[in-house]
Structures are given as C-alpha cells and as structure tokens.
$ cat target36.pdb   # PDB, N, CA and C atoms
ATOM      1  N   MET A   1      54.910 102.750  62.786
ATOM      2  CA  MET A   1      54.756 101.745  63.818
ATOM      3  C   MET A   1      53.986 100.562  63.252
ATOM      4  N   LEU A   2      54.407  99.355  63.555
ATOM      5  CA  LEU A   2      53.810  98.158  62.984
ATOM      6  C   LEU A   2      52.878  97.448  63.951
ATOM      7  N   LEU A   3      52.261  98.131  64.845
ATOM      8  CA  LEU A   3      51.410  97.494  65.840
ATOM      9  C   LEU A   3      50.288  96.711  65.185
ATOM     10  N   GLY A   4      50.112  95.475  65.617
ATOM     11  CA  GLY A   4      49.037  94.636  65.108
ATOM     12  C   GLY A   4      49.338  93.972  63.777
ATOM     13  N   ILE A   5      50.500  94.212  63.211
ATOM     14  CA  ILE A   5      50.858  93.602  61.927
ATOM     15  C   ILE A   5      51.795  92.440  62.190
ATOM     16  N   SER A   6      51.550  91.331  61.535
ATOM     17  CA  SER A   6      52.415  90.150  61.654
ATOM     18  C   SER A   6      53.030  89.865  60.299
ATOM     19  N   ALA A   7      54.279  89.467  60.292
ATOM     20  CA  ALA A   7      54.938  89.076  59.050
ATOM     21  C   ALA A   7      55.380  87.630  59.169
ATOM     22  N   THR A   8      55.076  86.826  58.166
ATOM     23  CA  THR A   8      55.471  85.428  58.172
ATOM     24  C   THR A   8      56.654  85.251  57.247
ATOM     25  N   ILE A   9      57.714  84.619  57.758
ATOM     26  CA  ILE A   9      58.912  84.346  56.971
ATOM     27  C   ILE A   9      59.268  82.886  57.170
ATOM     28  N   GLY A  10      58.994  82.049  56.199
ATOM     29  CA  GLY A  10      59.316  80.629  56.310
ATOM     30  C   GLY A  10      58.646  80.005  57.528
ATOM     31  N   MET A  11      59.444  79.387  58.407
ATOM     32  CA  MET A  11      58.931  78.709  59.588
ATOM     33  C   MET A  11      59.014  79.584  60.839
ATOM     34  N   ILE A  12      59.338  80.863  60.697
ATOM     35  CA  ILE A  12      59.423  81.756  61.849
ATOM     36  C   ILE A  12      58.441  82.898  61.623
ATOM     37  N   TRP A  13      57.721  83.262  62.665
ATOM     38  CA  TRP A  13      56.796  84.380  62.537
ATOM     39  C   TRP A  13      57.008  85.365  63.656
ATOM     40  N   PHE A  14      56.621  86.612  63.405
ATOM     41  CA  PHE A  14      56.869  87.695  64.342
ATOM     42  C   PHE A  14      55.583  88.469  64.590
ATOM     43  N   THR A  15      55.333  88.764  65.841
ATOM     44  CA  THR A  15      54.279  89.709  66.192
ATOM     45  C   THR A  15      54.919  90.732  67.111
ATOM     46  N   PRO A  16      54.552  91.979  66.996
ATOM     47  CA  PRO A  16      55.202  93.025  67.801
ATOM     48  C   PRO A  16      55.136  92.766  69.300
ATOM     49  N   ASN A  17      54.096  92.136  69.776
ATOM     50  CA  ASN A  17      53.949  91.925  71.213
ATOM     51  C   ASN A  17      54.700  90.705  71.732
ATOM     52  N   SER A  18      55.025  89.758  70.869
ATOM     53  CA  SER A  18      55.621  88.518  71.356
ATOM     54  C   SER A  18      57.029  88.261  70.853
ATOM     55  N   GLY A  19      57.518  89.015  69.910
ATOM     56  CA  GLY A  19      58.850  88.770  69.378
ATOM     57  C   GLY A  19      58.856  87.596  68.416
ATOM     58  N   PHE A  20      60.031  87.013  68.181
ATOM     59  CA  PHE A  20      60.151  85.897  67.252
ATOM     60  C   PHE A  20      59.776  84.594  67.940
ATOM     61  N   LYS A  21      59.038  83.774  67.245
ATOM     62  CA  LYS A  21      58.639  82.462  67.751
ATOM     63  C   LYS A  21      58.719  81.451  66.617
ATOM     64  N   LYS A  22      58.930  80.212  66.981
ATOM     65  CA  LYS A  22      58.870  79.143  65.994
ATOM     66  C   LYS A  22      57.399  78.893  65.669
ATOM     67  N   ALA A  23      57.107  78.628  64.429
ATOM     68  CA  ALA A  23      55.724  78.347  64.034
ATOM     69  C   ALA A  23      55.214  77.130  64.792
ATOM     70  N   PRO A  24      53.944  77.135  65.194
ATOM     71  CA  PRO A  24      53.397  76.007  65.948
ATOM     72  C   PRO A  24      53.471  74.707  65.158
ATOM     73  N   GLU A  25      53.820  73.643  65.841
ATOM     74  CA  GLU A  25      53.859  72.312  65.233
ATOM     75  C   GLU A  25      52.451  71.730  65.243
ATOM     76  N   PRO A  26      52.168  70.762  64.380
ATOM     77  CA  PRO A  26      50.876  70.089  64.473
ATOM     78  C   PRO A  26      50.733  69.430  65.844
ATOM     79  N   TYR A  27      49.531  69.425  66.391
ATOM     80  CA  TYR A  27      49.288  68.866  67.721
ATOM     81  C   TYR A  27      49.508  67.357  67.711
ATOM     82  N   ASP A  28      50.312  66.864  68.620
ATOM     83  CA  ASP A  28      50.596  65.434  68.767
ATOM     84  C   ASP A  28      49.597  64.851  69.764
ATOM     85  N   GLU A  29      48.535  64.223  69.253
ATOM     86  CA  GLU A  29      47.490  63.696  70.129
ATOM     87  C   GLU A  29      47.998  62.622  71.079
ATOM     88  N   ALA A  30      48.915  61.778  70.648
ATOM     89  CA  ALA A  30      49.424  60.714  71.520
ATOM     90  C   ALA A  30      50.130  61.323  72.731
ATOM     91  N   TYR A  31      50.968  62.332  72.496
ATOM     92  CA  TYR A  31      51.655  62.999  73.596
ATOM     93  C   TYR A  31      50.646  63.705  74.496
ATOM     94  N   GLY A  32      49.665  64.368  73.892
ATOM     95  CA  GLY A  32      48.626  65.044  74.655
ATOM     96  C   GLY A  32      47.830  64.085  75.514
ATOM     97  N   ALA A  33      47.550  62.897  74.971
ATOM     98  CA  ALA A  33      46.814  61.883  75.730
ATOM     99  C   ALA A  33      47.619  61.446  76.950
ATOM    100  N   LYS A  34      48.916  61.251  76.779
ATOM    101  CA  LYS A  34      49.778  60.855  77.902
ATOM    102  C   LYS A  34      49.832  61.952  78.960
ATOM    103  N   ALA A  35      49.970  63.196  78.524
ATOM    104  CA  ALA A  35      50.046  64.318  79.467
ATOM    105  C   ALA A  35      48.741  64.460  80.250
ATOM    106  N   HIS A  36      47.613  64.332  79.570
ATOM    107  CA  HIS A  36      46.323  64.444  80.256
ATOM    108  C   HIS A  36      46.126  63.273  81.216
ATOM    109  N   CYS A  37      46.546  62.090  80.805
ATOM    110  CA  CYS A  37      46.429  60.906  81.658
ATOM    111  C   CYS A  37      47.230  61.106  82.946
ATOM    112  N   MET A  38      48.429  61.685  82.851
ATOM    113  CA  MET A  38      49.237  61.937  84.046
ATOM    114  C   MET A  38      48.474  62.818  85.036
ATOM    115  N   GLN A  39      47.809  63.849  84.533
ATOM    116  CA  GLN A  39      47.029  64.727  85.407
ATOM    117  C   GLN A  39      45.893  63.968  86.080
ATOM    118  N   MET A  40      45.223  63.118  85.323
ATOM    119  CA  MET A  40      44.091  62.364  85.873
ATOM    120  C   MET A  40      44.550  61.329  86.900
ATOM    121  N   ILE A  41      45.702  60.711  86.656
ATOM    122  CA  ILE A  41      46.242  59.726  87.604
ATOM    123  C   ILE A  41      46.539  60.406  88.937
ATOM    124  N   LYS A  42      47.170  61.576  88.888
ATOM    125  CA  LYS A  42      47.491  62.293  90.135
ATOM    126  C   LYS A  42      46.248  62.513  90.984
ATOM    127  N   GLN A  43      45.112  62.750  90.345
ATOM    128  CA  GLN A  43      43.871  62.978  91.084
ATOM    129  C   GLN A  43      43.364  61.704  91.770
ATOM    130  N   HIS A  44      43.856  60.536  91.334
ATOM    131  CA  HIS A  44      43.412  59.262  91.895
ATOM    132  C   HIS A  44      44.366  58.683  92.938
ATOM    133  N   LEU A  45      45.472  59.368  93.210
ATOM    134  CA  LEU A  45      46.475  58.842  94.144
ATOM    135  C   LEU A  45      46.203  59.288  95.576
ATOM    136  N   HIS A  46      46.604  58.441  96.537
ATOM    137  CA  HIS A  46      46.499  58.799  97.953
ATOM    138  C   HIS A  46      47.429  59.968  98.274
ATOM    139  N   ASN A  47      48.634  59.936  97.701
ATOM    140  CA  ASN A  47      49.618  60.996  97.919
ATOM    141  C   ASN A  47      50.170  61.416  96.557
ATOM    142  N   PRO A  48      49.499  62.367  95.886
ATOM    143  CA  PRO A  48      49.929  62.777  94.545
ATOM    144  C   PRO A  48      51.368  63.283  94.480
ATOM    145  N   ASP A  49      51.855  63.875  95.574
ATOM    146  CA  ASP A  49      53.231  64.395  95.575
ATOM    147  C   ASP A  49      54.278  63.286  95.540
ATOM    148  N   SER A  50      53.881  62.057  95.855
ATOM    149  CA  SER A  50      54.832  60.944  95.845
ATOM    150  C   SER A  50      54.966  60.308  94.459
ATOM    151  N   ALA A  51      54.154  60.734  93.504
ATOM    152  CA  ALA A  51      54.119  60.097  92.178
ATOM    153  C   ALA A  51      55.437  60.252  91.431
ATOM    154  N   GLU A  52      55.934  59.128  90.933
ATOM    155  CA  GLU A  52      57.109  59.088  90.064
ATOM    156  C   GLU A  52      56.652  58.428  88.771
ATOM    157  N   PHE A  53      56.412  59.234  87.745
ATOM    158  CA  PHE A  53      55.934  58.710  86.473
ATOM    159  C   PHE A  53      57.101  58.203  85.640
ATOM    160  N   ALA A  54      56.870  57.110  84.938
ATOM    161  CA  ALA A  54      57.858  56.622  83.981
ATOM    162  C   ALA A  54      57.975  57.661  82.869
ATOM    163  N   HIS A  55      59.048  57.610  82.107
ATOM    164  CA  HIS A  55      59.202  58.503  80.960
ATOM    165  C   HIS A  55      58.046  58.246  79.994
ATOM    166  N   THR A  56      57.598  59.284  79.304
ATOM    167  CA  THR A  56      56.453  59.129  78.400
ATOM    168  C   THR A  56      56.694  58.066  77.325
ATOM    169  N   SER A  57      57.960  57.783  77.013
ATOM    170  CA  SER A  57      58.236  56.737  76.011
ATOM    171  C   SER A  57      57.898  55.345  76.543
ATOM    172  N   GLU A  58      57.797  55.196  77.873
ATOM    173  CA  GLU A  58      57.443  53.908  78.470
ATOM    174  C   GLU A  58      55.937  53.725  78.596
ATOM    175  N   ALA A  59      55.183  54.791  78.383
ATOM    176  CA  ALA A  59      53.728  54.708  78.419
ATOM    177  C   ALA A  59      53.234  54.392  77.009
ATOM    178  N   SER A  60      52.138  53.662  76.930
ATOM    179  CA  SER A  60      51.569  53.380  75.610
ATOM    180  C   SER A  60      50.306  54.209  75.426
ATOM    181  N   ALA A  61      50.101  54.667  74.212
ATOM    182  CA  ALA A  61      48.901  55.426  73.873
ATOM    183  C   ALA A  61      48.408  54.930  72.526
ATOM    184  N   ASN A  62      47.222  54.355  72.514
ATOM    185  CA  ASN A  62      46.665  53.799  71.283
ATOM    186  C   ASN A  62      45.256  54.319  71.065
ATOM    187  N   LYS A  63      44.998  54.731  69.831
ATOM    188  CA  LYS A  63      43.687  55.254  69.461
ATOM    189  C   LYS A  63      42.896  54.148  68.783
ATOM    190  N   ASP A  64      41.662  53.937  69.240
ATOM    191  CA  ASP A  64      40.854  52.881  68.623
ATOM    192  C   ASP A  64      40.009  53.448  67.483
ATOM    193  N   GLU A  65      39.225  52.579  66.872
ATOM    194  CA  GLU A  65      38.444  52.971  65.697
ATOM    195  C   GLU A  65      37.351  53.993  66.011
ATOM    196  N   THR A  66      36.981  54.140  67.288
ATOM    197  CA  THR A  66      35.961  55.124  67.672
ATOM    198  C   THR A  66      36.570  56.501  67.948
ATOM    199  N   GLY A  67      37.904  56.573  67.983
ATOM    200  CA  GLY A  67      38.583  57.829  68.274
ATOM    201  C   GLY A  67      38.985  57.974  69.728
ATOM    202  N   ALA A  68      38.664  56.974  70.554
ATOM    203  CA  ALA A  68      39.046  57.015  71.973
ATOM    204  C   ALA A  68      40.501  56.574  72.123
ATOM    205  N   TRP A  69      41.192  57.196  73.066
ATOM    206  CA  TRP A  69      42.584  56.854  73.363
ATOM    207  C   TRP A  69      42.638  55.999  74.622
ATOM    208  N   ARG A  70      43.436  54.941  74.571
ATOM    209  CA  ARG A  70      43.724  54.098  75.741
ATOM    210  C   ARG A  70      45.190  54.314  76.068
ATOM    211  N   VAL A  71      45.450  54.873  77.254
ATOM    212  CA  VAL A  71      46.821  55.151  77.689
ATOM    213  C   VAL A  71      47.125  54.283  78.903
ATOM    214  N   VAL A  72      48.250  53.578  78.867
ATOM    215  CA  VAL A  72      48.716  52.798  80.022
ATOM    216  C   VAL A  72      50.031  53.429  80.465
ATOM    217  N   PHE A  73      50.056  53.845  81.751
ATOM    218  CA  PHE A  73      51.196  54.589  82.285
ATOM    219  C   PHE A  73      51.700  53.923  83.557
ATOM    220  N   PRO A  74      52.976  53.498  83.604
ATOM    221  CA  PRO A  74      53.557  52.984  84.844
ATOM    222  C   PRO A  74      53.848  54.141  85.812
ATOM    223  N   VAL A  75      53.434  53.968  87.065
ATOM    224  CA  VAL A  75      53.617  55.006  88.076
ATOM    225  C   VAL A  75      54.050  54.357  89.387
ATOM    226  N   ARG A  76      55.064  54.939  90.016
ATOM    227  CA  ARG A  76      55.467  54.528  91.361
ATOM    228  C   ARG A  76      54.945  55.608  92.304
ATOM    229  N   ALA A  77      54.135  55.177  93.295
ATOM    230  CA  ALA A  77      53.560  56.140  94.231
ATOM    231  C   ALA A  77      53.224  55.448  95.546
ATOM    232  N   GLU A  78      53.044  56.254  96.589
ATOM    233  CA  GLU A  78      52.674  55.710  97.894
ATOM    234  C   GLU A  78      51.211  55.285  97.891
ATOM    235  N   ASN A  79      50.963  54.132  98.508
ATOM    236  CA  ASN A  79      49.582  53.708  98.691
ATOM    237  C   ASN A  79      49.055  54.275 100.009
ATOM    238  N   GLY A  80      47.876  53.853 100.412
ATOM    239  CA  GLY A  80      47.257  54.362 101.632
ATOM    240  C   GLY A  80      48.027  54.040 102.896
ATOM    241  N   PHE A  81      48.950  53.054 102.836
ATOM    242  CA  PHE A  81      49.750  52.669 104.002
ATOM    243  C   PHE A  81      51.137  53.301 103.976
ATOM    244  N   GLY A  82      51.413  54.129 102.957
ATOM    245  CA  GLY A  82      52.701  54.803 102.854
ATOM    246  C   GLY A  82      53.772  54.003 102.148
ATOM    247  N   ALA A  83      53.426  52.818 101.645
ATOM    248  CA  ALA A  83      54.399  51.994 100.920
ATOM    249  C   ALA A  83      54.439  52.411  99.448
ATOM    250  N   LEU A  84      55.655  52.475  98.887
ATOM    251  CA  LEU A  84      55.788  52.776  97.462
ATOM    252  C   LEU A  84      55.451  51.538  96.649
ATOM    253  N   ARG A  85      54.598  51.712  95.649
ATOM    254  CA  ARG A  85      54.221  50.608  94.770
ATOM    255  C   ARG A  85      54.345  51.050  93.324
ATOM    256  N   LEU A  86      54.738  50.128  92.466
ATOM    257  CA  LEU A  86      54.756  50.385  91.035
ATOM    258  C   LEU A  86      53.467  49.815  90.469
ATOM    259  N   VAL A  87      52.674  50.681  89.855
ATOM    260  CA  VAL A  87      51.354  50.294  89.365
ATOM    261  C   VAL A  87      51.166  50.854  87.962
ATOM    262  N   ASN A  88      50.502  50.076  87.117
ATOM    263  CA  ASN A  88      50.093  50.573  85.801
ATOM    264  C   ASN A  88      48.697  51.156  85.919
ATOM    265  N   PHE A  89      48.537  52.386  85.469
ATOM    266  CA  PHE A  89      47.223  53.011  85.400
ATOM    267  C   PHE A  89      46.783  53.018  83.948
ATOM    268  N   GLU A  90      45.496  52.868  83.742
ATOM    269  CA  GLU A  90      44.931  52.927  82.406
ATOM    270  C   GLU A  90      43.922  54.071  82.349
ATOM    271  N   CYS A  91      44.082  54.924  81.353
ATOM    272  CA  CYS A  91      43.152  56.031  81.134
ATOM    273  C   CYS A  91      42.459  55.830  79.790
ATOM    274  N   MET A  92      41.191  56.111  79.760
ATOM    275  CA  MET A  92      40.433  56.144  78.512
ATOM    276  C   MET A  92      40.021  57.596  78.293
ATOM    277  N   LEU A  93      40.391  58.144  77.121
ATOM    278  CA  LEU A  93      40.204  59.565  76.840
ATOM    279  C   LEU A  93      39.715  59.768  75.413
ATOM    280  N   ILE A  94      39.080  60.902  75.187
ATOM    281  CA  ILE A  94      38.809  61.337  73.819
ATOM    282  C   ILE A  94      39.227  62.796  73.695
ATOM    283  N   TYR A  95      39.672  63.155  72.499
ATOM    284  CA  TYR A  95      40.057  64.533  72.206
ATOM    285  C   TYR A  95      39.002  65.105  71.280
ATOM    286  N   THR A  96      38.289  66.087  71.776
ATOM    287  CA  THR A  96      37.200  66.652  71.000
ATOM    288  C   THR A  96      37.141  68.160  71.173
ATOM    289  N   GLU A  97      36.960  68.846  70.071
ATOM    290  CA  GLU A  97      36.841  70.305  70.067
ATOM    291  C   GLU A  97      37.979  70.996  70.818
ATOM    292  N   GLY A  98      39.192  70.458  70.674
ATOM    293  CA  GLY A  98      40.367  71.092  71.252
ATOM    294  C   GLY A  98      40.633  70.818  72.714
ATOM    295  N   SER A  99      39.903  69.882  73.319
ATOM    296  CA  SER A  99      40.180  69.564  74.723
ATOM    297  C   SER A  99      39.970  68.073  74.976
ATOM    298  N   TRP A 100      40.544  67.619  76.093
ATOM    299  CA  TRP A 100      40.468  66.207  76.469
ATOM    300  C   TRP A 100      39.287  65.951  77.376
ATOM    301  N   VAL A 101      38.620  64.836  77.151
ATOM    302  CA  VAL A 101      37.532  64.383  78.004
ATOM    303  C   VAL A 101      37.938  63.014  78.541
ATOM    304  N   THR A 102      37.912  62.866  79.861
ATOM    305  CA  THR A 102      38.284  61.605  80.502
ATOM    306  C   THR A 102      37.065  60.707  80.576
ATOM    307  N   LEU A 103      37.186  59.505  80.006
ATOM    308  CA  LEU A 103      36.109  58.527  80.071
ATOM    309  C   LEU A 103      36.253  57.631  81.290
ATOM    310  N   GLY A 104      37.500  57.441  81.741
ATOM    311  CA  GLY A 104      37.741  56.620  82.915
ATOM    312  C   GLY A 104      39.208  56.466  83.215
ATOM    313  N   VAL A 105      39.500  56.196  84.482
ATOM    314  CA  VAL A 105      40.861  55.917  84.962
ATOM    315  C   VAL A 105      40.758  54.722  85.876
ATOM    316  N   LYS A 106      41.612  53.710  85.621
ATOM    317  CA  LYS A 106      41.608  52.562  86.542
ATOM    318  C   LYS A 106      43.035  52.126  86.817
ATOM    319  N   GLN A 107      43.188  51.527  87.974
ATOM    320  CA  GLN A 107      44.489  51.049  88.435
ATOM    321  C   GLN A 107      44.625  49.582  88.086
ATOM    322  N   GLY A 108      45.773  49.231  87.508
ATOM    323  CA  GLY A 108      46.041  47.835  87.160
ATOM    324  C   GLY A 108      46.790  47.138  88.278
ATOM    325  N   ASN A 109      47.729  46.256  87.899
ATOM    326  CA  ASN A 109      48.492  45.446  88.851
ATOM    327  C   ASN A 109      49.330  46.247  89.795
TER     328      ASN A 109
END
$ encode --input "target36.pdb" --output "structure tokens"
Amino acid sequence: MLLGISATIGMIWFTPNSGFKKAPEPYDEAYGAKAHCMQMIKQHLHNPDSAEFAHTSEASANKDETGAWRVVFPVRAENGFGALRLVNFECMLIYTEGSWVTLGVKQGN
C-alpha cells in the first residue's frame, strides 16, 4: 500500500488521497488582486447581489514601487435609489505572507 507516498512525474503529481492533479502554477498576483478587489467592492455596495463586474481583462491592476497594488474595476450595480449605475471602483491592496490586506476602497465616477 502506498499511503502517504507521492510520486512526481513531469508536470503531473499523484497523491493517494487526491488522485492525479496538475502541478500548481506560480501565483498570479495581478489576478489575485483583481479577485480580492471584487470581494471588497461587494462589501461596499448597497445591493451586492445586483453587481455586474466587467471581465477581469477590463480591470487594471498595477503594482507600485512599494509593493502595493492599485486595482480599478468597472462595476454596474444598483445605488441606494435602485438605479443601475456604471461606476469605477479603486482598491488599494498589498499581498503579504500569502494573503491580501485591503488598504482602501473608493468609488470613482
């Protein structure tokens, strides 16, 4: 029985409990920043269920010299009066020790 033994073969690895899996890819911080920003934006909306996020390719994510990420994400959502509005949200984030820390979220135009 091979319990607890893992065998690595090229880009595919096997563990008895999980079966075959593709080897993990390097973490894409830009994509992670966009995904975390989407979660933070939902927390700032009057009606989070009404949120229609643009495709992640339409959002910008830029890392500055301090390591902070600035993400701008277009979102269509209901305001406090129930009207749908298209608004750009800006998130400031840092990725540290394997998790995201939100520095701020603000609503643009």
$ atom_distance --input "target36.pdb" --atom1 "atom CA of Met40 of chain A" --atom2 "atom CA of Val75 of chain A"
12.2 Å
$ residues_near_point --input "target36.pdb" --point "(53.0, 53.7, 92.6)" --cutoff "6 Å" --atoms "all atoms listed in the file" --output "VMD selection string"
chain A and resid 75 to 78 84 to 87
$ closest_residue --input "target36.pdb" --among "A:Leu45, A:Ile94, A:Ala54, A:Leu103" --to "Ala68 of chain A" --atoms "only C-alpha atoms"
A:Ile94
$ resolve_selection --input "target36.pdb" --expression "the PyMOL selection byres (((chain A and resi 80 and name CA) around 9) and name CA)" --output "PyMOL selection string"
chain A and resi 45-47+78-79+81-83
$ atom_distance --input "target36.pdb" --atom1 "atom CA of Lys34 of chain A" --atom2 "atom CA of Cys91 of chain A"
8.8 Å
$ residues_around --input "target36.pdb" --residues "segment 63-67 of chain A" --least-positions-apart "3" --cutoff "8 Å" --atoms "all atoms listed in the file" --output "JSON, numbers by chain"
{"A": [30, 60, 70, 71, 93, 94, 95]}
$ write_last_selection --input "target36.pdb" --atoms "N, CA and C atoms" --output "mmCIF file, keeping the file's coordinate frame"
data_model
loop_
_atom_site.group_PDB
_atom_site.id
_atom_site.type_symbol
_atom_site.label_atom_id
_atom_site.label_comp_id
_atom_site.auth_asym_id
_atom_site.auth_seq_id
_atom_site.Cartn_x
_atom_site.Cartn_y
_atom_site.Cartn_z
ATOM 1 N N ALA A 30 48.915 61.778 70.648
ATOM 2 C CA ALA A 30 49.424 60.714 71.520
ATOM 3 C C ALA A 30 50.130 61.323 72.731
ATOM 4 N N SER A 60 52.138 53.662 76.930
ATOM 5 C CA SER A 60 51.569 53.380 75.610
ATOM 6 C C SER A 60 50.306 54.209 75.426
ATOM 7 N N ARG A 70 43.436 54.941 74.571
ATOM 8 C CA ARG A 70 43.724 54.098 75.741
ATOM 9 C C ARG A 70 45.190 54.314 76.068
ATOM 10 N N VAL A 71 45.450 54.873 77.254
ATOM 11 C CA VAL A 71 46.821 55.151 77.689
ATOM 12 C C VAL A 71 47.125 54.283 78.903
ATOM 13 N N LEU A 93 40.391 58.144 77.121
ATOM 14 C CA LEU A 93 40.204 59.565 76.840
ATOM 15 C C LEU A 93 39.715 59.768 75.413
ATOM 16 N N ILE A 94 39.080 60.902 75.187
ATOM 17 C CA ILE A 94 38.809 61.337 73.819
ATOM 18 C C ILE A 94 39.227 62.796 73.695
ATOM 19 N N TYR A 95 39.672 63.155 72.499
ATOM 20 C CA TYR A 95 40.057 64.533 72.206
ATOM 21 C C TYR A 95 39.002 65.105 71.280
#
$ atom_distance --input "target36.pdb" --atom1 "atom N of Ser50 of chain A" --atom2 "atom C of Pro74 of chain A"
12.8 Å
$ resolve_selection --input "target36.pdb" --expression "the PyMOL selection byres (((chain A and resi 56-59 and name CA) around 6) and name CA)" --output "count of residues only"
4
$ resolve_selection --input "target36.pdb" --expression "the PyMOL selection byres (((chain A and resi 107 and name CA) around 6) and name CA)" --output "PyMOL selection string"
chain A and resi 89+106+108
$ residues_around --input "target36.pdb" --residues "Thr96 of chain A" --least-positions-apart "5" --cutoff "12 Å" --atoms "only C-alpha atoms" --output "ChimeraX atom specification"
/A:29,33,67-69,101-102
$ closest_residue --input "target36.pdb" --among "A:Asp49, A:Lys42, A:Gly104, A:Cys37" --to "Met92 of chain A" --atoms "only C-alpha atoms"
A:Gly104
